[in-house]
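The file target_9.csv comes next; it holds CSV, C-alpha atoms.
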```
chain,number,residue,atom,x,y,z
A,5,MET,CA,7.4,-16.6,34.1
A,6,MET,CA,4.0,-17.6,32.7
A,7,THR,CA,3.6,-21.2,31.6
A,8,ILE,CA,3.9,-21.3,27.8
A,9,THR,CA,3.0,-24.2,25.6
A,10,LEU,CA,5.1,-24.4,22.4
A,11,PRO,CA,3.2,-24.5,19.1
A,12,PRO,CA,4.0,-27.5,16.9
A,13,GLU,CA,6.8,-27.6,14.3
A,14,ILE,CA,5.5,-26.1,11.1
A,15,ASN,CA,6.2,-27.7,7.8
A,16,ASP,CA,4.5,-25.7,5.0
A,17,ALA,CA,5.7,-23.5,2.1
A,18,SER,CA,6.6,-20.7,4.4
A,19,ALA,CA,9.3,-22.8,6.2
A,20,TRP,CA,12.0,-22.6,3.6
A,21,TYR,CA,15.8,-22.5,3.7
A,22,GLY,CA,18.0,-20.0,1.9
A,23,PRO,CA,20.0,-22.2,-0.4
A,24,ALA,CA,16.8,-23.8,-1.7
A,25,MET,CA,15.3,-20.4,-2.5
A,26,LEU,CA,18.4,-19.5,-4.5
A,27,GLN,CA,18.0,-22.5,-6.6
A,28,ASP,CA,14.2,-22.2,-7.0
A,29,ARG,CA,13.7,-19.0,-9.0
A,30,SER,CA,10.0,-19.4,-9.4
A,31,TRP,CA,9.5,-16.4,-7.1
A,32,LEU,CA,11.0,-14.2,-9.8
A,33,THR,CA,8.7,-13.2,-12.7
A,34,HIS,CA,8.7,-10.4,-15.3
A,35,PHE,CA,6.1,-7.9,-16.2
A,36,THR,CA,4.9,-8.5,-19.8
A,37,PRO,CA,4.7,-5.7,-22.4
A,38,GLU,CA,0.9,-5.9,-22.2
A,39,GLU,CA,1.0,-5.5,-18.4
A,40,VAL,CA,3.4,-2.6,-18.6
A,41,ALA,CA,1.2,-0.9,-21.2
A,42,GLU,CA,-1.9,-1.1,-19.0
A,43,VAL,CA,0.0,0.2,-15.9
A,44,GLU,CA,1.2,3.1,-18.0
A,45,ALA,CA,-2.3,3.9,-19.3
A,46,ALA,CA,-3.8,3.9,-15.8
A,47,THR,CA,-0.9,5.9,-14.4
A,48,ARG,CA,-1.3,8.7,-16.9
A,49,ARG,CA,-4.9,9.1,-15.9
A,50,VAL,CA,-4.3,9.2,-12.2
A,51,ALA,CA,-1.0,11.3,-12.4
A,52,ALA,CA,-2.9,14.0,-14.2
A,53,GLY,CA,-5.3,14.3,-11.3
A,54,PRO,CA,-5.1,15.8,-7.8
A,55,ASP,CA,-2.6,14.4,-5.3
A,56,THR,CA,-5.4,13.3,-3.0
A,57,ALA,CA,-6.7,10.8,-5.5
A,58,ALA,CA,-3.4,8.8,-5.4
A,59,ALA,CA,-3.7,8.4,-1.6
A,60,HIS,CA,-7.0,6.5,-1.8
A,61,LEU,CA,-6.8,4.5,-5.0
A,62,THR,CA,-9.0,1.5,-5.6
A,63,PRO,CA,-8.8,-1.2,-8.3
A,64,PRO,CA,-11.7,0.4,-10.4
A,65,GLU,CA,-9.8,3.7,-10.4
A,66,PHE,CA,-6.6,1.9,-11.6
A,67,PRO,CA,-7.9,-0.9,-13.9
A,68,LEU,CA,-5.5,-3.7,-14.6
A,69,PRO,CA,-7.5,-6.3,-16.6
A,70,VAL,CA,-4.5,-8.4,-17.5
A,71,LEU,CA,-2.1,-7.8,-14.6
A,72,GLY,CA,-4.8,-7.7,-11.9
A,73,PRO,CA,-5.6,-11.4,-12.0
A,74,ARG,CA,-2.0,-12.3,-11.9
A,75,LEU,CA,-1.4,-10.0,-8.9
A,76,ALA,CA,-4.2,-11.9,-7.1
A,77,ARG,CA,-2.4,-15.2,-7.7
A,78,ILE,CA,0.9,-13.7,-6.6
A,79,LYS,CA,-0.7,-12.3,-3.5
A,80,ALA,CA,-2.1,-15.7,-2.6
A,81,ASP,CA,1.4,-17.1,-2.7
A,82,VAL,CA,2.8,-14.3,-0.6
A,83,LEU,CA,0.0,-14.7,2.1
A,84,ASP,CA,-0.3,-18.5,2.1
A,85,GLY,CA,2.8,-19.8,0.3
A,86,ARG,CA,6.5,-19.0,0.4
A,87,GLY,CA,5.8,-15.5,1.6
A,88,PHE,CA,7.5,-13.3,-1.0
A,89,ALA,CA,7.7,-12.5,-4.7
A,90,LEU,CA,9.7,-10.4,-7.0
A,91,LEU,CA,8.3,-8.8,-10.2
A,92,ARG,CA,10.8,-7.4,-12.6
A,93,GLY,CA,10.7,-4.9,-15.5
A,94,LEU,CA,8.8,-1.7,-14.8
A,95,PRO,CA,10.4,1.0,-17.0
A,96,VAL,CA,11.0,3.4,-14.2
A,97,GLN,CA,14.0,4.9,-16.0
A,98,ASN,CA,11.4,6.3,-18.5
A,99,TRP,CA,9.0,7.7,-15.9
A,100,SER,CA,9.1,10.7,-13.6
A,101,LEU,CA,9.2,10.2,-9.9
A,102,ARG,CA,5.5,11.1,-9.7
A,103,GLU,CA,4.6,8.5,-12.4
A,104,SER,CA,6.6,5.8,-10.6
A,105,ALA,CA,4.9,6.6,-7.4
A,106,VAL,CA,1.4,6.5,-9.0
A,107,ALA,CA,2.2,3.3,-10.8
A,108,PHE,CA,3.3,1.6,-7.6
A,109,LEU,CA,0.3,2.8,-5.6
A,110,GLY,CA,-1.9,1.6,-8.4
A,111,ILE,CA,-0.4,-1.9,-8.4
A,112,GLY,CA,-0.5,-1.9,-4.6
A,113,CYS,CA,-4.2,-1.2,-4.5
A,114,HIS,CA,-4.9,-4.5,-6.2
A,115,LEU,CA,-3.1,-6.2,-3.3
A,116,GLY,CA,-4.5,-4.3,-0.3
A,117,SER,CA,-5.2,-1.0,1.2
A,118,ALA,CA,-2.2,1.3,1.7
A,119,ARG,CA,-1.5,2.1,5.3
A,120,SER,CA,0.3,5.1,6.9
A,121,GLN,CA,4.0,4.5,7.4
A,122,ASN,CA,4.7,7.4,9.8
A,123,ALA,CA,3.1,9.9,12.1
A,124,ARG,CA,2.6,12.3,9.1
A,125,GLY,CA,0.2,9.9,7.3
A,126,HIS,CA,2.5,9.0,4.4
A,127,VAL,CA,1.1,6.0,2.5
A,128,LEU,CA,4.1,6.1,0.3
A,129,GLY,CA,7.6,5.7,1.9
A,130,HIS,CA,10.9,6.9,0.4
A,131,VAL,CA,13.6,4.5,1.4
A,132,LYS,CA,16.9,6.4,1.1
A,133,ASP,CA,19.7,7.8,3.2
A,134,MET,CA,18.5,11.1,4.7
A,135,GLY,CA,21.9,11.6,6.5
A,136,LEU,CA,20.4,10.5,9.8
A,137,SER,CA,21.6,8.1,12.5
A,138,SER,CA,19.7,5.3,14.4
A,139,ASP,CA,21.4,6.7,17.6
A,140,ASP,CA,18.6,9.2,17.6
A,141,PRO,CA,15.6,7.4,19.3
A,142,ASN,CA,13.2,9.2,16.9
A,143,VAL,CA,14.9,8.0,13.7
A,144,ARG,CA,13.9,4.8,11.9
A,145,ILE,CA,16.7,2.9,10.4
A,146,TYR,CA,15.4,3.0,6.8
A,147,GLN,CA,16.3,6.7,6.8
A,148,THR,CA,20.0,5.9,7.2
A,149,HIS,CA,22.7,4.0,5.2
A,150,GLU,CA,23.1,1.6,8.0
A,151,ARG,CA,22.4,-2.1,7.9
A,152,GLN,CA,18.8,-2.6,9.1
A,153,THR,CA,19.2,-6.2,10.6
A,154,PHE,CA,16.3,-8.7,10.3
A,155,HIS,CA,13.0,-7.3,11.3
A,156,THR,CA,9.3,-7.0,10.4
A,157,ASP,CA,7.3,-3.9,9.5
A,158,SER,CA,3.9,-2.9,10.8
A,159,ALA,CA,1.7,-4.3,8.0
A,160,ASP,CA,0.6,-7.5,6.5
A,161,ILE,CA,2.6,-7.0,3.3
A,162,VAL,CA,5.5,-4.7,2.6
A,163,GLY,CA,6.2,-3.8,-1.0
A,164,LEU,CA,9.3,-2.1,-2.4
A,165,LEU,CA,9.8,-0.5,-5.9
A,166,CYS,CA,13.4,0.0,-6.7
A,167,LEU,CA,14.2,3.3,-8.5
A,168,GLN,CA,18.0,3.6,-8.0
A,169,VAL,CA,20.6,1.3,-6.6
A,170,ALA,CA,23.6,2.2,-4.3
A,171,LYS,CA,27.2,2.4,-5.5
A,172,SER,CA,27.8,-0.7,-3.4
A,173,GLY,CA,25.7,-2.7,-0.9
A,174,GLY,CA,22.1,-2.1,0.0
A,175,HIS,CA,21.1,-5.7,-0.9
A,176,SER,CA,17.8,-7.2,0.3
A,177,ALA,CA,17.9,-10.2,2.5
A,178,LEU,CA,15.0,-12.5,3.6
A,179,VAL,CA,14.7,-15.3,6.2
A,180,SER,CA,11.7,-17.4,7.1
A,181,SER,CA,10.6,-16.6,10.7
A,182,VAL,CA,8.9,-20.0,10.6
A,183,THR,CA,12.1,-21.8,9.8
A,184,VAL,CA,13.9,-19.8,12.6
A,185,PHE,CA,11.1,-20.9,15.0
A,186,ASN,CA,11.5,-24.6,13.9
A,187,GLU,CA,15.3,-24.4,14.4
A,188,MET,CA,14.9,-22.9,17.9
A,189,ARG,CA,12.3,-25.4,18.8
A,190,ARG,CA,14.7,-28.3,17.9
A,191,ARG,CA,17.8,-26.8,19.4
A,192,ARG,CA,16.8,-24.7,22.4
A,193,PRO,CA,13.1,-24.9,23.3
A,194,ASP,CA,14.0,-23.5,26.7
A,195,LEU,CA,15.0,-20.3,25.0
A,196,LEU,CA,12.1,-20.3,22.5
A,197,VAL,CA,9.6,-19.9,25.3
A,198,HIS,CA,11.0,-16.4,25.9
A,199,LEU,CA,10.0,-15.4,22.4
A,200,LEU,CA,6.4,-16.4,23.0
A,201,ALA,CA,6.2,-14.0,26.0
A,202,PRO,CA,5.3,-10.3,25.7
A,203,ILE,CA,8.2,-8.0,25.1
A,204,GLU,CA,8.3,-4.2,25.0
A,205,THR,CA,9.3,-2.6,21.6
A,206,ASP,CA,10.0,1.1,21.2
A,207,ARG,CA,7.6,3.1,19.0
A,208,ARG,CA,10.4,5.5,18.2
A,209,GLY,CA,8.4,8.6,19.0
A,210,GLU,CA,5.3,7.8,16.9
A,211,VAL,CA,2.7,7.2,19.6
A,212,PRO,CA,-1.0,6.7,19.0
A,213,VAL,CA,-3.4,8.5,21.3
A,214,GLY,CA,-3.9,6.7,24.6
A,215,GLU,CA,-1.0,4.3,24.0
A,216,LYS,CA,2.4,4.0,25.7
A,217,PRO,CA,5.6,5.0,23.9
A,218,TYR,CA,6.2,1.2,23.3
A,219,PHE,CA,4.0,-1.8,22.5
A,220,THR,CA,4.2,-5.1,24.3
A,221,ILE,CA,3.7,-8.1,21.9
A,222,PRO,CA,5.5,-11.4,21.9
A,223,THR,CA,7.9,-12.0,19.0
A,224,TYR,CA,6.1,-15.2,18.1
A,225,ASN,CA,2.3,-15.4,18.3
A,226,TRP,CA,0.4,-18.7,17.7
A,227,HIS,CA,-3.3,-17.9,16.8
A,228,GLU,CA,-5.9,-19.9,15.0
A,229,GLY,CA,-3.4,-22.2,13.5
A,230,HIS,CA,-1.0,-19.5,12.3
A,231,LEU,CA,2.4,-18.5,13.6
A,232,SER,CA,3.0,-14.8,13.2
A,233,ALA,CA,6.2,-12.9,14.1
A,234,ILE,CA,6.8,-9.3,14.9
A,235,TYR,CA,10.4,-8.2,15.6
A,236,GLN,CA,12.9,-5.4,15.6
A,237,ARG,CA,15.8,-6.1,18.0
A,238,GLN,CA,17.1,-2.5,18.0
A,239,TYR,CA,13.7,-1.2,19.1
A,240,ILE,CA,13.4,-3.9,21.8
A,241,GLU,CA,16.8,-2.6,23.1
A,242,SER,CA,15.9,1.1,22.9
A,243,ALA,CA,12.6,0.5,24.8
A,244,ARG,CA,14.7,-0.1,27.9
A,245,ARG,CA,15.2,3.7,28.0
A,246,PHE,CA,11.7,4.1,29.5
A,247,ASP,CA,11.5,4.1,33.3
A,248,ASP,CA,8.7,1.5,33.5
A,249,VAL,CA,10.5,-1.0,31.2
A,250,ALA,CA,12.7,-3.6,32.9
A,251,PRO,CA,16.1,-4.5,31.6
A,252,LEU,CA,16.3,-7.7,29.6
A,253,THR,CA,17.1,-10.7,31.7
A,254,PRO,CA,20.2,-12.8,30.8
A,255,GLU,CA,17.8,-15.5,29.5
A,256,GLN,CA,16.0,-13.1,27.2
A,257,VAL,CA,19.3,-11.8,25.9
A,258,GLU,CA,20.4,-15.4,25.2
A,259,ALA,CA,17.1,-16.1,23.4
A,260,TYR,CA,17.3,-13.1,21.2
A,261,ASP,CA,21.0,-13.6,20.5
A,262,LEU,CA,20.2,-17.1,19.2
A,263,PHE,CA,17.2,-15.8,17.2
A,264,ASP,CA,19.5,-13.2,15.6
A,265,ALA,CA,22.2,-15.8,14.9
A,266,LEU,CA,19.8,-18.1,13.2
A,267,CYS,CA,18.4,-15.2,11.1
A,268,ASN,CA,22.0,-14.4,10.0
A,269,ASP,CA,22.8,-18.0,9.2
A,270,PRO,CA,23.5,-18.3,5.4
A,271,GLU,CA,21.9,-21.8,5.5
A,272,LEU,CA,18.6,-20.1,6.5
A,273,ASN,CA,18.6,-16.7,4.8
A,274,PHE,CA,19.4,-15.5,1.3
A,275,HIS,CA,20.2,-12.2,-0.4
A,276,MET,CA,18.7,-10.8,-3.6
A,277,VAL,CA,19.9,-7.7,-5.6
A,278,LEU,CA,17.0,-5.5,-6.5
A,279,GLU,CA,17.3,-3.7,-9.9
A,280,PRO,CA,15.5,-0.5,-11.0
A,281,GLY,CA,12.0,-1.5,-11.9
A,282,ASP,CA,11.8,-4.4,-9.5
A,283,VAL,CA,8.7,-4.8,-7.2
A,284,GLN,CA,9.4,-6.9,-4.1
A,285,LEU,CA,6.5,-8.2,-2.0
A,286,VAL,CA,7.1,-9.7,1.5
A,287,HIS,CA,4.7,-11.2,4.0
A,288,ASN,CA,5.6,-9.7,7.3
A,289,HIS,CA,4.0,-12.4,9.5
A,290,THR,CA,6.1,-15.3,8.1
A,291,LEU,CA,9.3,-13.5,6.9
A,292,LEU,CA,11.8,-11.1,8.3
A,293,HIS,CA,13.6,-8.8,6.0
A,294,ASP,CA,16.9,-7.0,6.1
A,295,ARG,CA,19.0,-4.6,4.1
A,296,THR,CA,22.8,-4.6,4.1
A,297,GLY,CA,24.6,-1.3,4.7
A,298,PHE,CA,25.6,0.6,1.6
A,299,GLU,CA,27.9,3.2,0.1
A,300,ASP,CA,26.0,5.7,-2.0
A,301,TRP,CA,26.9,7.8,-5.0
A,302,ASN,CA,28.1,11.4,-4.6
A,303,ASP,CA,25.7,12.5,-7.4
A,304,PRO,CA,22.3,13.1,-5.7
A,305,ALA,CA,20.5,12.0,-8.9
A,306,ARG,CA,22.1,8.5,-8.7
A,307,ARG,CA,21.6,7.8,-5.0
A,308,ARG,CA,19.9,4.7,-3.8
A,309,HIS,CA,16.1,5.2,-3.7
A,310,LEU,CA,13.2,2.8,-3.2
A,311,LEU,CA,9.5,3.4,-2.8
A,312,ARG,CA,7.7,1.5,-0.1
A,313,LEU,CA,4.1,0.5,0.6
A,314,TRP,CA,2.5,-1.1,3.6
A,315,LEU,CA,-0.5,-3.0,2.5
A,316,ALA,CA,-3.5,-4.6,4.3
A,317,PRO,CA,-5.3,-7.3,2.2
A,318,LYS,CA,-8.9,-8.1,3.0
A,319,ASP,CA,-8.0,-11.8,2.8
A,320,ALA,CA,-5.1,-11.7,5.2
A,321,ARG,CA,-4.7,-14.2,8.1
A,322,PRO,CA,-6.3,-13.6,11.5
A,323,LEU,CA,-4.1,-11.9,14.0
A,324,PRO,CA,-4.4,-12.2,17.9
A,325,PRO,CA,-6.0,-9.3,19.8
A,326,VAL,CA,-2.6,-8.2,21.2
A,327,PHE,CA,-1.6,-7.0,17.7
A,328,ALA,CA,-4.1,-4.1,18.1
A,329,GLN,CA,-1.5,-2.4,20.2
A,330,ARG,CA,0.6,-1.9,17.1
A,331,TYR,CA,-1.8,-2.4,14.2
A,332,GLY,CA,-4.6,-0.2,15.6
A,333,SER,CA,-7.1,-2.8,14.5
A,334,ILE,CA,-6.9,-6.5,13.8
A,335,GLU,CA,-9.6,-6.4,11.1
A,336,ALA,CA,-8.2,-7.7,7.8
A,337,GLY,CA,-8.0,-4.9,5.3
A,338,GLU,CA,-8.2,-2.2,7.9
A,339,ARG,CA,-5.2,-2.8,10.0
A,340,GLY,CA,-1.5,-1.8,10.3
A,341,GLY,CA,0.4,1.4,9.8
A,342,ILE,CA,1.0,4.2,12.2
A,343,ILE,CA,-1.9,6.5,13.2
A,344,VAL,CA,-1.5,9.3,15.7
A,345,PRO,CA,-3.7,12.3,16.5
A,346,GLY,CA,-4.4,14.4,13.4
A,347,THR,CA,-3.1,11.8,10.9
A,348,GLN,CA,-4.5,12.3,7.4
A,349,LEU,CA,-3.4,10.0,4.6
A,350,THR,CA,-1.2,11.7,2.0
A,351,VAL,CA,1.3,10.8,-0.8
A,352,PRO,CA,4.7,12.6,-0.6
A,353,PHE,CA,5.9,12.5,-4.2
A,354,GLU,CA,9.3,13.7,-3.0
A,355,ALA,CA,11.4,12.3,-0.2
A,356,VAL,CA,10.9,14.4,2.9
```
In structure tokens, write the structure found in this file.
Amino acid sequence: MMTITLPPEINDASAWYGPAMLQDRSWLTHFTPEEVAEVEAATRRVAAGPDTAAAHLTPPEFPLPVLGPRLARIKADVLDGRGFALLRGLPVQNWSLRESAVAFLGIGCHLGSARSQNARGHVLGHVKDMGLSSDDPNVRIYQTHERQTFHTDSADIVGLLCLQVAKSGGHSALVSSVTVFNEMRRRRPDLLVHLLAPIETDRRGEVPVGEKPYFTIPTYNWHEGHLSAIYQRQYIESARRFDDVAPLTPEQVEAYDLFDALCNDPELNFHMVLEPGDVQLVHNHTLLHDRTGFEDWNDPARRRHLLRLWLAPKDARPLPPVFAQRYGSIEAGERGGIIVPGTQLTVPFEAV
């Protein structure tokens, strides 16, 4: 195995513990009536236009003179502070699905450029149970009712807008990947080195031109003074289906098992219950997120439904060149998402 030097222990705002976050509720703020009013005014203008306009929104096309500056401060805390935020109080119960989608895209354009979330170029994701199973290697877990397990997405920031909640379960969970790193460094540095070595991760059938059906990026990446994580255990495991990918060694399995155990430690992670109208923002490079399994309503109109954005801010941290395998580019503001031959950015206003 290659010689790997461990980065130093990291003690900044991104290295937090779950119980402390439960007590510190400064990450939860509310939309003010004035902010909601300007979101609704901008939404009406854009929603009345063509679908193509919503896929390429810019701040001048969705003006938020009051909320915009506050979003900039929240984004700074997401990128350089604790790594997440929750904004509560969008009146989605009064909006059509199209209006909710446009409002979310409009808010998102003040945080970064929207990236494609699948091979069809969808810049807006519908997170709901589509009756599928992760046993299918071309299915992604957000399309099921299964627990997701702690993972990262392929963007700098992932945003969720909650429209409907499940009958039970489906809660959001967060853990600091920096804290997990620090704990592994203290307890088992011999295992941590395996997470700093390249590992194959399945693309689940969404393969960019000229690329392999998997990418090979270390779980932890130390670059220009930043520790960035990229991880999805199920997809690491499913990449073993390819003939040119070796089975995991016992040491690798032990390392990833410890990583997962720490992510699942209630002393490190915490759960939040999203309500309709909540906007959650998560920094993928310093946090892993999870969703508990859920039981849904029989009535289709009541079933759990969230909208998702993958966002690329221009002021995001530098990423190592190896991330280009997954992000396409490492240029801040122009990276992340899934681009395959023929991809054109679109907004699906209905779950497909």
Which polymer residues have any atom within 10 Å of an atom of His289 (chain A), counting only C-alpha atoms, with same-chain residues fewer than 3 positions away left out, as an MDAnalysis selection string? chainID A and resid 83 87 156:161 180:182 224:225 230:235 286 292 321 323
I'd like to know which of A:Val179, A:Leu167, A:Val127, A:Ile14 is closest to Gly340 (chain A), using all atoms listed in the file.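 Comparing A:Val179, A:Leu167, A:Val127, A:Ile14 against Gly340 (chain A), the winner is A:Val127.
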By how many Å are CA of Arg190 (chain A) and CA of Gln236 (chain A) apart?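 We find that CA of Arg190 (chain A) and CA of Gln236 (chain A) lie 23.1 Å from each other.
Among A:Asn268, A:Thr56, A:Asn15, A:Ser100, the residue with the shortest atom-to-atom distance to Glu354 (chain A), counting all atoms listed in the file, is A:Ser100.
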Which neighbours of Leu75 (chain A) fall inside 9 Å, counting all atoms listed in the file, when residues of the same chain fewer than 4 positions from it are skipped, and could you give them as an MDAnalysis selection string? chainID A and resid 71 79:80 111 114:115
I'd like to know which of A:Ile78, A:Pro280, A:Asp55, A:Thr223 is closest to Arg306 (chain A), using all atoms listed in the file.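 Among the listed residues, the smallest separation from Arg306 (chain A) belongs to A:Pro280.
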Could you tell me how far CA of Ala259 (chain A) lies from CA of Phe88 (chain A), in Å and to one decimal?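 CA of Phe88 (chain A) lies at a distance of 26.4 Å from CA of Ala259 (chain A).
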Residue among A:Gln168, A:Gly112, A:Gly337, A:Asn288 lying closest to Asp300 (chain A), counting all atoms listed in the file: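 Looking at the shortest contact to Asp300 (chain A), the residue is A:Gln168.
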For Trp31 (chain A), which residue out of A:Thr350, A:Thr253, A:Ser333, A:Gln284 is the nearest one, using all atoms listed in the file?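 Comparing A:Thr350, A:Thr253, A:Ser333, A:Gln284 against Trp31 (chain A), the winner is A:Gln284.
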Return the single residue from A:Thr220, A:Asp282, A:Pro251, A:Phe353 that is closest to Ala328 (chain A), with distances computed using only C-alpha atoms.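 Ranked by minimum distance to Ala328 (chain A), first place goes to A:Thr220.
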Every residue with an atom at most 12 Å from (10.6, 3.5, 32.2) (file coordinates; only C-alpha atoms) is what I'm after, so could you write them as a list in words?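 The residues that fall inside the cut-off are Glu204, Asp206, Lys216, Pro217, Tyr218, Ser242, Ala243, Arg244, Arg245, Phe246, Asp247, Asp248, Val249, Ala250 and Pro251 of chain A.
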